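J.: Before I ask anything, here is the structure I am working with.
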Number of protein chains: 2
Amino acid sequence: MPDVKHFDPDVALDQVVRLFWERGADVTGIADVVQATGLSRSSLYATFGGKERLQAAALRRYLERQSRPVFAALVTDQRGLPAITGFFQRLVAARCTGEHARWGCLVTNTHTGAAREVPEVREILNAHHAALRSAMRAALLTAAELGQVRPDLDPEAGAEALALLAYGVNLRSRAGAEAADLLAGVRTVLDGFTHTKEK
Amino acid sequence: MPDVKHFDPDVALDQVVRLFWERGADVTGIADVVQATGLSRSSLYATFGGKERLQAAALRRYLERQSRPVFAALVTDQRGLPAITGFFQRLVAARCTGEHARWGCLVTNTHTGAAREVPEVREILNAHHAALRSAMRAALLTAAELGQVRPDLDPEAGAEALALLAYGVNLRSRAGAEAADLLAGVRTVLDGFTHTKEK
DNA sequence: CTTATCTTGGAATAGTCGTTCCAAGATAAG
DNA sequence: CTTATCTTGGAACGACTATTCCAAGATAAG
């Protein structure tokens, strides 16, 4: 008997992700969301609730669509260190060129935003960090099995280091950093992880 | 003949720095600044101009008071690697404990904020990055002279890596990261820089 | 103590914020 | 085609935003 939605909530949420990602959620008003999605305030609030819940939903969507596939690839990839190198090469490329250039990472950006205090949002941030760390650790363990990294490398600490490095890349890219500089920094860290041959 | 200011602009700016640093400049209104400093809107605008200029002034003040002394110490310190280790130990301690715990770094926070597009602000961000890189490079060069780092380490790329690492620490600390995790990550990167002994 | 000049408190501006509300429209089952 | 139920457009809400303005107050030189 009831009426049915006149729009697709999934594509609307994707549009919201783009908006929050590019401009920043704090400086994006509901009016901007209304204009970008084309739906009315009523539909917006009926579907997603207020701005905080919308932001959390957008963050979850970003994690599913952007982060999770990359993390999964990192875990699956059996090449060890080359998998990690490839991850950072694609990361820097995505952050500095193409349609998302200078957008940074929505998760990284949210770390300094106002929503960081919202429990629902904070849990997503920590979940993202845990997932990133876990993927890095898996790749490092594979690299260790292949004898690619120095024997004394702690996979846990190494994973944290690479995660911090990724955050640094995301942050600086939003301020317009050069891809070459970022890649050189990444390469130096990874070189320090590799198994050193006897002199 | 004219009247003189009834307040000290220097201490007022310091109060603004604390406000922007802790809460974030974007979510801090002029009303908050008025209340925190105790001066009126008239005096505020007459002394510092609008919010953008105030934010730039606060950022410069932060750089002078917080960053510059630390960078200078890094350049002066002749111990090499221990100077870098000490830098990160103090950084993590400052970010995770004490009165500024969980505040992050004002410069890092500004990277994702709305003011990042303001030319005056962007120049300060890039100047900060250049100063941080330069200080790291100087310390790495000292470490190289002392034979503390692996011979093939590029000081330029190494400095960029350490700068990115510092940004990562700043970012994660604002989300409540554990000091132990951050320190473990830092130590792993620095271990990779050290001169490896023959097996 | 007058006077020129700056500062100060506080009201007022126009605009935007997130959110709520309701009548009008759309839907599909009976 | 009636009817119950949801959706939709859009007006309206009070609270906030940064900024401007001006009369009243403070200052120190002459």
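Residue names in the structure tokens use chain letters A, B, ... in the order shown, residue numbers from 1 in each chain, and ligand numbers from 1 in the order shown.
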Given only C-alpha atoms (C1' of nucleotides), how would the per-residue table for chain B near chain D read, listing every residue at most 10 Å away with its closest atom pair and distance in Å to one decimal, sorted by chain and number, as CSV?
T.:
residue,atom,partner,partner_atom,distance
B:Met1,CA,D:DA28,C1',4.6
B:Pro2,CA,D:DT27,C1',5.8
B:Asp3,CA,D:DT27,C1',4.0
B:Val4,CA,D:DT27,C1',6.5
B:Lys5,CA,D:DT27,C1',9.6
B:His6,CA,D:DA26,C1',9.1
B:Gly29,CA,D:DT17,C1',7.4
B:Ile30,CA,D:DA18,C1',7.3
B:Ala31,CA,D:DT17,C1',9.4
B:Arg41,CA,D:DT19,C1',9.3
B:Ser42,CA,D:DT20,C1',9.4
B:Tyr45,CA,D:DT19,C1',8.8
B:Gly50,CA,D:DT19,C1',7.9
B:Lys51,CA,D:DA18,C1',7.7
J.: Take the residues from that selection and put them in a file with C-alpha atoms, as a PDB file, in the first residue's frame.
T.:
ATOM      1  CA  MET B   1      47.550  61.296  21.666  1.00  0.00           C
ATOM      2  CA  PRO B   2      45.704  58.142  20.717  1.00  0.00           C
ATOM      3  CA  ASP B   3      44.583  55.434  23.070  1.00  0.00           C
ATOM      4  CA  VAL B   4      46.682  52.284  23.402  1.00  0.00           C
ATOM      5  CA  LYS B   5      45.589  48.656  23.399  1.00  0.00           C
ATOM      6  CA  HIS B   6      44.099  47.452  26.662  1.00  0.00           C
ATOM      7  CA  GLY B  29      33.785  30.266  16.085  1.00  0.00           C
ATOM      8  CA  ILE B  30      34.731  33.869  16.616  1.00  0.00           C
ATOM      9  CA  ALA B  31      32.458  33.809  19.653  1.00  0.00           C
ATOM     10  CA  ARG B  41      35.085  41.626  18.524  1.00  0.00           C
ATOM     11  CA  SER B  42      36.255  45.132  17.668  1.00  0.00           C
ATOM     12  CA  TYR B  45      39.260  42.384  14.113  1.00  0.00           C
ATOM     13  CA  GLY B  50      39.293  38.241   9.865  1.00  0.00           C
ATOM     14  CA  LYS B  51      39.335  34.579  10.796  1.00  0.00           C
TER      15      LYS B  51
END
J.: Specify as a list in words all residues of chain A found within 7 Å of chain B, counting only C-alpha atoms.
T.: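 So the residues of chain A near chain B are Val27, Asn109, His111, Thr112, Ala114, Ala157, Gly158, Glu160, Ala161, Leu164, Leu165, Tyr167, Gly168, Val169, Leu171, Arg174, Ala175, Asp181, Ala184, Gly185, Val186, Thr188, Val189, Gly192, Phe193, Glu198 and Lys199 of chain A.
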J.: Under the rule that only C-alpha atoms (C1' of nucleotides) are counted, which of B:Val17, B:Ala72, B:Leu141, B:Val34 is the nearest residue to chain C?
T.: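 Closest candidate: B:Val34.
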J.: Quick one, how far is CA of Pro119 (chain B) from CA of Glu99 (chain A)?
T.: 22.5 Å
J.: For chain C, which residues have at least one atom within 8 Å of chain B, if we go by only C-alpha atoms (C1' of nucleotides)? Write them as a PyMOL selection string, please.
T.: chain C and resi 4-9
J.: Emit the selected residues as a compact mmCIF listing (two decimals), in the first residue's frame, including C-alpha atoms (C1' of nucleotides).
T.:
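So out_2.txt came out as:
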# COMPACT_ATOMS: atom_id res chain seq x y z
C1' DA C 4 42.87 64.49 18.44
C1' DT C 5 43.11 59.60 17.89
C1' DC C 6 42.78 55.22 18.90
C1' DT C 7 40.23 51.40 21.43
C1' DT C 8 36.35 49.21 23.28
C1' DG C 9 31.75 47.13 24.25
J.: Just the number, please: distance in Å from CA of Ile124 (chain B) to CA of Glu64 (chain B), one decimal.
T.: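 Distance reported for this atom pair: 11.2 Å.
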J.: Can you pull out every residue within 9 Å of Leu81 (chain A), counting only C-alpha atoms (C1' of nucleotides), but drop anything in the same chain fewer than 4 positions away, and send it as a count of residues only?
T.: 11
J.: Could you give me the residues within region 13-145 of chain A that DSSP places in helix (DSSP H, G or I), as a ChimeraX atom specification?
T.: /A:13-23,30-37,41-48,51-76,81-96,106-111,114-117,119-145
J.: Provide the CA of Pro151 (chain B) to CA of Gly80 (chain B) distance in Å, to one decimal place.
T.: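 Taking CA of Pro151 (chain B) and CA of Gly80 (chain B), their separation equals 14.2 Å.
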J.: Would you pick out the contacts of Val33 (chain B) at 9 Å or less, using only C-alpha atoms (C1' of nucleotides), so that residues sharing its chain but fewer than 4 positions from it are not included, and give the list as a list in words?
T.: Gln15, Val16, Leu19, Thr28, Gly29, Thr37, Gly38, Leu39 and Leu44 of chain B
